[in-house]
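Here the structure comes first, spelled out in structure tokens, and everything after it is commentary.
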Amino acid sequence: METPRTRFSPSPTGFLHIGGARTALYNWAFSRRHDGHFVLRIEDTDRERSTREAEAAVIEGLQWLGITWDEGPVRQSALADRHREAVERMLSAGRAYRCVCSAESLEERRAATIARGEKWTYDGRCRDADLGAGCGPHTVRLRMAAEGRLDWDDGVFGPSGQEAVEIGDRIIVRSDGAPLYHLAAVVDDLAMGITHVIRGADHLNNTSFHLALYRALDAEPPHFAHVPLIVGADGKKLSKRRDPVSVQHYRDAGFLPEALVNWLVRIGWSHGDDEIFSRDQIAELFSLEAVHRAPGRAEPEKLFWLNQHYLKERPRAELLAALAPFVEADLGGPPAHPERLESGVDLLRERSKTLVEMAERGRFLAVADDGLEYDEKAVAKHWKAAARPLLEALRAELAGLAAWDEAGLEAGFEAVRERQGVGLGKLAQPVRVAVTGSGASPGIYETLAVLGRDSTLARIDRALEQIPRA
RNA sequence: GCUCCCAUCGUCUAGCGGUCUAGGACGUGGCCCUCUCAAGGCCAAGACACGGGUUCGAUUCCCGUUGGGAGCGCCA
């Protein structure tokens, strides 16, 4: 294979969509796999809907995911001269023509055609009018051949194509002079030497039209590969109303980028029975032949599982860095005890699916002793009068404990337990509620070891104030 | 409506004519472990949409039906 050049070309009209992110990922992986070149191009020919904020959000999303590009971002709007030049060439060669049909008139004719149950294509009213540049407000249309097929061998879907007449003479330049996406994309792909166009399957129907454009430009088309769309949990197209669609949403929900990448790459692509893929492995193993043709659903269960997997794998310092903003958001300010979070984070990562959950579960570590809040149900269940002597005995034992570590704590608990003649559960649960505020937490010895003696005793004292006497 | 595309457990998928009593993962249920919650281990339930062909033999090939998706813009 020639050295491939691929591109991802989002339109900056919103946030980075997970479908777009996956397309970007596939382009990135394909170019990496074949030692190619990956270009980021911003398709901003629709000036009304394109914003710089959206462009920044898209770029930020890609960076967060760890998808890197070798060239760009190139703004399509900056390439307008090339688009104009291409149109001039097609016009003078008679391969395109000016059209003065108004938008309103077109809309009427279109509606009438569809009402008859037919498929609308331009009716050719201006096709042979031979309109010159001075014809007033006009669009430019590509003159399609009356017969023949426009076929290609799709990298994913295999042999594909359409009859030229099915397409009709479509507009390539708007009446305000701006090129349409299709024209701009083809001209730019040509100018940038793109060899493999990997894009969403929503473009499958446009490809024949694009092929006609390449032909009108006397150019050799690139290879095309269309990846199936990602659909929502209901099997329908992802909807901004019903489904979480932006990469940003997943980031804010506490997912790690490596988890999101792993999840996305597996929707529509597989490598045997493998489930876990690092970016490097994706870059090494990706192939278009293994991309599926059926649309895939964005069901989040596996994403949660993957996220926990990566939460468990991250080096501690990096995990802490990722967790920090979530802790601040959870607490509404900086933690009183960041050092406890640091030593306790390993206890949290095995019990959390997301960073949001992790921040919540780690709250008892981060707050000051008097800032601890108690779960009502846990209090009602474990702080009955019977717990009082147990806690008092334990408090005394812990106050005099020689070694404040897991082994020492366990010995202390065992001693108290035996003396009081109760099972460990009877003793541990009231303590757990006292020090964590909740009936569920990491192991009690590990928890106390991280908290330290002073906090533990202070929290037990605070609990004792609330536990009823027999 | 018309054009194009797709179809294996709830979901993501393995399977590229016999190796399939259809494999894995997530999720779900149960058991074990256990100071709670997790994590971990073990077990279980769970699919080739339907109907015709082709073939000695179809999950795998072909055609219909059904279901789903995309397109039919002076949006991308």
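The chains in the structure tokens are called A, B, ... from first to last as shown; in each chain the residues are counted from 1, and the ligands are counted from 1 in the order shown.
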
### Message
Set the cut-off to 7 Å and count only C-alpha atoms (C1' of nucleotides): what are the residues of chain A that reach chain B? Output as an NGL selection string.
### Response
:A and (11 or 103 or 117-120 or 139 or 174-175 or 181 or 202 or 205 or 266-267 or 272-273 or 275 or 293-294 or 299 or 301-302 or 350-351 or 424-425 or 428-429 or 439-442 or 444)

#### Entry: DSSP helix (DSSP H, G or I) residues within segment 301-450 of chain A, as an NGL selection string
:A and (301-313 or 316-331 or 338-349 or 355-361 or 363-366 or 369-371 or 376-382 or 387-399 or 406-420 or 424-436 or 444-450)

Once you have the residues from the selection above, write them out as a compact mmCIF listing (two decimals), in the first residue's frame, restricted to C-alpha atoms.
```txt
# COMPACT_ATOMS: atom_id res chain seq x y z
CA GLU A 301 -22.63 -1.27 30.71
CA LYS A 302 -19.37 -2.32 29.19
CA LEU A 303 -18.05 1.22 29.44
CA PHE A 304 -18.53 1.10 33.21
CA TRP A 305 -16.66 -2.16 33.39
CA LEU A 306 -13.85 -0.86 31.19
CA ASN A 307 -13.65 2.31 33.22
CA GLN A 308 -13.19 0.39 36.44
CA HIS A 309 -10.56 -1.70 34.74
CA TYR A 310 -8.59 1.40 33.80
CA LEU A 311 -9.26 2.99 37.18
CA LYS A 312 -7.55 -0.02 38.74
CA GLU A 313 -4.66 0.15 36.29
CA ARG A 316 -1.52 6.29 41.55
CA ALA A 317 -0.21 9.78 40.86
CA GLU A 318 -2.04 9.96 37.54
CA LEU A 319 -5.22 8.64 39.06
CA LEU A 320 -5.03 11.24 41.80
CA ALA A 321 -4.57 13.98 39.24
CA ALA A 322 -7.64 12.83 37.33
CA LEU A 323 -9.63 12.49 40.53
CA ALA A 324 -8.77 15.90 41.99
CA PRO A 325 -11.34 17.99 40.10
CA PHE A 326 -14.08 15.50 40.94
CA VAL A 327 -13.22 15.67 44.63
CA GLU A 328 -13.37 19.44 44.55
CA ALA A 329 -16.71 19.34 42.78
CA ASP A 330 -18.06 16.79 45.25
CA LEU A 331 -16.90 18.75 48.27
CA PRO A 338 -5.60 15.42 50.48
CA GLU A 339 -2.93 13.20 52.03
CA ARG A 340 -5.54 10.71 53.18
CA LEU A 341 -6.99 10.58 49.70
CA GLU A 342 -3.53 9.88 48.45
CA SER A 343 -2.94 6.93 50.74
CA GLY A 344 -6.52 5.69 50.51
CA VAL A 345 -7.06 5.90 46.78
CA ASP A 346 -6.08 2.27 46.28
CA LEU A 347 -8.97 1.26 48.53
CA LEU A 348 -11.35 3.32 46.44
CA ARG A 349 -10.39 2.24 42.95
CA LEU A 355 -14.34 9.19 39.13
CA VAL A 356 -17.60 10.72 40.30
CA GLU A 357 -18.36 7.64 42.34
CA MET A 358 -14.79 7.53 43.56
CA ALA A 359 -14.98 11.08 44.87
CA GLU A 360 -18.18 10.23 46.71
CA ARG A 361 -16.77 7.08 48.23
CA ARG A 363 -15.48 11.76 50.89
CA PHE A 364 -14.98 10.41 54.42
CA LEU A 365 -11.23 10.51 53.85
CA ALA A 366 -11.15 14.02 52.45
CA ASP A 369 -13.59 15.02 61.44
CA ASP A 370 -16.38 17.43 62.26
CA GLY A 371 -17.41 17.66 58.63
CA GLU A 376 -29.47 7.89 58.32
CA LYS A 377 -30.23 4.30 57.52
CA ALA A 378 -26.79 3.14 58.63
CA VAL A 379 -27.11 5.08 61.87
CA ALA A 380 -30.51 3.60 62.60
CA LYS A 381 -29.27 0.12 61.91
CA HIS A 382 -25.90 0.08 63.64
CA ALA A 387 -23.30 -0.90 70.24
CA ARG A 388 -22.35 1.56 72.91
CA PRO A 389 -20.31 -0.68 75.28
CA LEU A 390 -18.64 -2.21 72.25
CA LEU A 391 -17.53 1.14 70.94
CA GLU A 392 -16.42 2.30 74.35
CA ALA A 393 -14.30 -0.80 74.84
CA LEU A 394 -12.83 -0.46 71.40
CA ARG A 395 -12.05 3.17 71.96
CA ALA A 396 -10.10 2.32 75.07
CA GLU A 397 -8.26 -0.47 73.29
CA LEU A 398 -7.35 1.66 70.29
CA ALA A 399 -6.20 4.56 72.45
CA GLU A 406 -3.50 -3.05 59.87
CA ALA A 407 -2.00 -5.93 61.85
CA GLY A 408 -2.08 -3.99 65.10
CA LEU A 409 -5.65 -2.85 64.49
CA GLU A 410 -6.77 -6.35 63.72
CA ALA A 411 -5.21 -7.60 66.97
CA GLY A 412 -6.96 -4.82 68.86
CA PHE A 413 -10.34 -5.59 67.30
CA GLU A 414 -9.91 -9.30 67.99
CA ALA A 415 -9.10 -8.66 71.64
CA VAL A 416 -12.16 -6.48 72.16
CA ARG A 417 -14.38 -8.83 70.23
CA GLU A 418 -13.37 -11.81 72.31
CA ARG A 419 -13.73 -10.00 75.59
CA GLN A 420 -17.18 -8.77 74.62
CA LEU A 424 -16.59 -9.09 64.25
CA GLY A 425 -19.56 -7.75 62.35
CA LYS A 426 -21.24 -6.52 65.51
CA LEU A 427 -18.16 -4.53 66.35
CA ALA A 428 -17.00 -3.40 62.95
CA GLN A 429 -20.26 -1.98 61.66
CA PRO A 430 -20.85 0.64 64.37
CA VAL A 431 -17.23 1.69 63.99
CA ARG A 432 -17.56 1.86 60.25
CA VAL A 433 -20.52 4.18 60.54
CA ALA A 434 -18.64 6.26 63.12
CA VAL A 435 -15.56 6.80 60.95
CA THR A 436 -17.02 6.77 57.43
CA ILE A 444 -12.22 -1.58 58.54
CA TYR A 445 -8.51 -2.08 59.36
CA GLU A 446 -7.37 -0.49 56.13
CA THR A 447 -9.77 2.36 56.67
CA LEU A 448 -8.60 3.11 60.21
CA ALA A 449 -4.97 2.77 59.21
CA VAL A 450 -5.42 5.52 56.61
```

### Task
Any chance you could list, as a ChimeraX atom specification, the residues in segment 136-229 of chain A that come up strand (DSSP E) when DSSP is run on the backbone?
/A:139-142,149-154,158-163,171-173,196-200,223-227

Any chance you could export the current selection's N, CA and C atoms as a PDB file, in the first residue's frame?
```pdb
ATOM      1  N   THR A 139     -26.916  29.541  -8.323  1.00  0.00           N
ATOM      2  CA  THR A 139     -26.112  28.482  -7.739  1.00  0.00           C
ATOM      3  C   THR A 139     -25.368  27.812  -8.877  1.00  0.00           C
ATOM      4  N   VAL A 140     -24.453  26.912  -8.534  1.00  0.00           N
ATOM      5  CA  VAL A 140     -23.765  26.142  -9.574  1.00  0.00           C
ATOM      6  C   VAL A 140     -24.074  24.676  -9.332  1.00  0.00           C
ATOM      7  N   ARG A 141     -24.421  23.987 -10.393  1.00  0.00           N
ATOM      8  CA  ARG A 141     -24.735  22.556 -10.285  1.00  0.00           C
ATOM      9  C   ARG A 141     -23.751  21.718 -11.076  1.00  0.00           C
ATOM     10  N   LEU A 142     -23.515  20.521 -10.603  1.00  0.00           N
ATOM     11  CA  LEU A 142     -22.663  19.579 -11.325  1.00  0.00           C
ATOM     12  C   LEU A 142     -23.531  18.883 -12.370  1.00  0.00           C
ATOM     13  N   ARG A 149     -22.839   4.134 -14.333  1.00  0.00           N
ATOM     14  CA  ARG A 149     -22.809   3.949 -12.893  1.00  0.00           C
ATOM     15  C   ARG A 149     -21.578   4.603 -12.287  1.00  0.00           C
ATOM     16  N   LEU A 150     -21.683   4.923 -11.024  1.00  0.00           N
ATOM     17  CA  LEU A 150     -20.555   5.465 -10.279  1.00  0.00           C
ATOM     18  C   LEU A 150     -20.278   4.460  -9.172  1.00  0.00           C
ATOM     19  N   ASP A 151     -19.324   3.589  -9.392  1.00  0.00           N
ATOM     20  CA  ASP A 151     -19.070   2.496  -8.454  1.00  0.00           C
ATOM     21  C   ASP A 151     -17.701   2.597  -7.802  1.00  0.00           C
ATOM     22  N   TRP A 152     -17.592   2.023  -6.652  1.00  0.00           N
ATOM     23  CA  TRP A 152     -16.294   1.933  -5.989  1.00  0.00           C
ATOM     24  C   TRP A 152     -16.288   0.690  -5.117  1.00  0.00           C
ATOM     25  N   ASP A 153     -15.115   0.296  -4.683  1.00  0.00           N
ATOM     26  CA  ASP A 153     -14.974  -0.866  -3.812  1.00  0.00           C
ATOM     27  C   ASP A 153     -14.739  -0.350  -2.399  1.00  0.00           C
ATOM     28  N   ASP A 154     -15.763  -0.400  -1.597  1.00  0.00           N
ATOM     29  CA  ASP A 154     -15.672   0.181  -0.269  1.00  0.00           C
ATOM     30  C   ASP A 154     -14.821  -0.686   0.662  1.00  0.00           C
ATOM     31  N   GLY A 158     -17.532  -3.229   0.730  1.00  0.00           N
ATOM     32  CA  GLY A 158     -17.288  -3.951  -0.510  1.00  0.00           C
ATOM     33  C   GLY A 158     -17.847  -3.199  -1.711  1.00  0.00           C
ATOM     34  N   PRO A 159     -18.090  -3.924  -2.811  1.00  0.00           N
ATOM     35  CA  PRO A 159     -18.556  -3.280  -4.040  1.00  0.00           C
ATOM     36  C   PRO A 159     -19.822  -2.460  -3.794  1.00  0.00           C
ATOM     37  N   SER A 160     -19.778  -1.184  -4.149  1.00  0.00           N
ATOM     38  CA  SER A 160     -20.901  -0.289  -3.906  1.00  0.00           C
ATOM     39  C   SER A 160     -21.047   0.655  -5.086  1.00  0.00           C
ATOM     40  N   GLY A 161     -22.182   1.310  -5.190  1.00  0.00           N
ATOM     41  CA  GLY A 161     -22.359   2.286  -6.260  1.00  0.00           C
ATOM     42  C   GLY A 161     -23.807   2.567  -6.577  1.00  0.00           C
ATOM     43  N   GLN A 162     -23.994   3.490  -7.507  1.00  0.00           N
ATOM     44  CA  GLN A 162     -25.319   3.941  -7.869  1.00  0.00           C
ATOM     45  C   GLN A 162     -25.347   4.337  -9.338  1.00  0.00           C
ATOM     46  N   GLU A 163     -26.535   4.341  -9.906  1.00  0.00           N
ATOM     47  CA  GLU A 163     -26.716   4.866 -11.256  1.00  0.00           C
ATOM     48  C   GLU A 163     -26.565   6.389 -11.174  1.00  0.00           C
ATOM     49  N   ILE A 171     -26.378  20.777  -6.417  1.00  0.00           N
ATOM     50  CA  ILE A 171     -25.736  22.070  -6.226  1.00  0.00           C
ATOM     51  C   ILE A 171     -24.362  21.890  -5.587  1.00  0.00           C
ATOM     52  N   ILE A 172     -23.380  22.609  -6.121  1.00  0.00           N
ATOM     53  CA  ILE A 172     -22.051  22.550  -5.517  1.00  0.00           C
ATOM     54  C   ILE A 172     -21.600  23.919  -4.993  1.00  0.00           C
ATOM     55  N   VAL A 173     -22.251  24.993  -5.463  1.00  0.00           N
ATOM     56  CA  VAL A 173     -21.963  26.335  -4.938  1.00  0.00           C
ATOM     57  C   VAL A 173     -23.286  27.023  -4.625  1.00  0.00           C
ATOM     58  N   HIS A 196      -7.148   7.734   1.725  1.00  0.00           N
ATOM     59  CA  HIS A 196      -8.207   6.894   2.284  1.00  0.00           C
ATOM     60  C   HIS A 196      -9.202   7.749   3.040  1.00  0.00           C
ATOM     61  N   VAL A 197     -10.405   7.799   2.513  1.00  0.00           N
ATOM     62  CA  VAL A 197     -11.452   8.544   3.180  1.00  0.00           C
ATOM     63  C   VAL A 197     -12.241   7.560   4.043  1.00  0.00           C
ATOM     64  N   ILE A 198     -12.052   7.668   5.347  1.00  0.00           N
ATOM     65  CA  ILE A 198     -12.761   6.800   6.290  1.00  0.00           C
ATOM     66  C   ILE A 198     -13.760   7.680   7.019  1.00  0.00           C
ATOM     67  N   ARG A 199     -15.042   7.420   6.817  1.00  0.00           N
ATOM     68  CA  ARG A 199     -16.063   8.314   7.375  1.00  0.00           C
ATOM     69  C   ARG A 199     -17.306   7.526   7.735  1.00  0.00           C
ATOM     70  N   GLY A 200     -18.267   8.207   8.327  1.00  0.00           N
ATOM     71  CA  GLY A 200     -19.487   7.553   8.761  1.00  0.00           C
ATOM     72  C   GLY A 200     -20.332   7.041   7.610  1.00  0.00           C
ATOM     73  N   HIS A 223      -9.454   5.921  -1.886  1.00  0.00           N
ATOM     74  CA  HIS A 223     -10.204   4.747  -1.421  1.00  0.00           C
ATOM     75  C   HIS A 223     -11.231   5.236  -0.413  1.00  0.00           C
ATOM     76  N   PHE A 224     -12.386   4.618  -0.440  1.00  0.00           N
ATOM     77  CA  PHE A 224     -13.406   4.986   0.528  1.00  0.00           C
ATOM     78  C   PHE A 224     -13.694   3.814   1.458  1.00  0.00           C
ATOM     79  N   ALA A 225     -13.940   4.137   2.717  1.00  0.00           N
ATOM     80  CA  ALA A 225     -14.352   3.115   3.676  1.00  0.00           C
ATOM     81  C   ALA A 225     -15.367   3.766   4.609  1.00  0.00           C
ATOM     82  N   HIS A 226     -16.529   3.158   4.726  1.00  0.00           N
ATOM     83  CA  HIS A 226     -17.577   3.740   5.559  1.00  0.00           C
ATOM     84  C   HIS A 226     -17.813   2.902   6.794  1.00  0.00           C
ATOM     85  N   VAL A 227     -17.798   3.558   7.926  1.00  0.00           N
ATOM     86  CA  VAL A 227     -17.994   2.831   9.174  1.00  0.00           C
ATOM     87  C   VAL A 227     -19.438   3.020   9.643  1.00  0.00           C
TER      88      VAL A 227
END
```

### Message
Could you list, as a list in words, every residue within 10 Å of Val100 of chain A, counting only C-alpha atoms (C1' of nucleotides) and ignoring same-chain residues fewer than 5 positions away?
### Response
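Returned residues: Arg125, Cys126, Ala129, Leu131, Cys135, Gly136, Pro137, His138, Thr139, Val140 and Ser175 of chain A.
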
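With only C-alpha atoms (C1' of nucleotides) taken into account, the protein and nucleic acid residues at most 12 Å from U54 of chain B (excluding it and anything under 5 positions from it in its own chain) are G17, C61, C62 and C63 of chain B.
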
### Query
So which residues touch segment 29-33 of chain B within 9 Å, counting only C-alpha atoms (C1' of nucleotides), skipping near sequence neighbours fewer than 4 positions away, as number ranges by chain?
B: 40-45

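Atom pair atom C1' of G52 of chain B / atom C1' of U65 of chain B: separated by 10.0 Å.
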
### Message
So that I can check the surroundings of segment 21-26 of chain A, please list as a ChimeraX atom specification every protein, DNA and RNA residue that reaches within 8 Å of it, counting only C-alpha atoms (C1' of nucleotides) and ignoring chain neighbours fewer than 3 positions away.
### Response
/A:7-8,16-18,29-30,62,67,198-200,227,247,261,264-265,286

Expected file: the selected residues, C-alpha atoms, as a JSON list (two decimals), in the first residue's frame:
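Below is the file out.json, written as the result:
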```
[["chain", "number", "residue", "atom", "x", "y", "z"],
["A", 7, "ARG", "CA", -8.19, 12.80, 7.67],
["A", 8, "PHE", "CA", -10.86, 13.53, 10.21],
["A", 16, "LEU", "CA", -17.31, 16.32, 19.70],
["A", 17, "HIS", "CA", -19.86, 13.59, 19.10],
["A", 18, "ILE", "CA", -18.97, 10.03, 20.13],
["A", 29, "ALA", "CA", -5.51, 3.98, 13.95],
["A", 30, "PHE", "CA", -5.48, 3.25, 10.24],
["A", 62, "LEU", "CA", -9.69, 14.81, 20.57],
["A", 67, "ILE", "CA", -5.98, 11.15, 19.40],
["A", 198, "ILE", "CA", -12.76, 6.80, 6.29],
["A", 199, "ARG", "CA", -16.06, 8.31, 7.37],
["A", 200, "GLY", "CA", -19.49, 7.55, 8.76],
["A", 227, "VAL", "CA", -17.99, 2.83, 9.17],
["A", 247, "VAL", "CA", -17.28, 13.16, 24.56],
["A", 261, "VAL", "CA", -11.47, 4.90, 23.54],
["A", 264, "LEU", "CA", -15.75, 3.14, 21.18],
["A", 265, "VAL", "CA", -13.23, 1.15, 19.21],
["A", 286, "PHE", "CA", -6.68, -2.06, 13.57]]
```

### Task
Select, from B:U28, B:G51, B:U34, B:U59, the residue with the minimum atom-to-atom distance to C16 of chain B, counting only C-alpha atoms (C1' of nucleotides).
B:U59
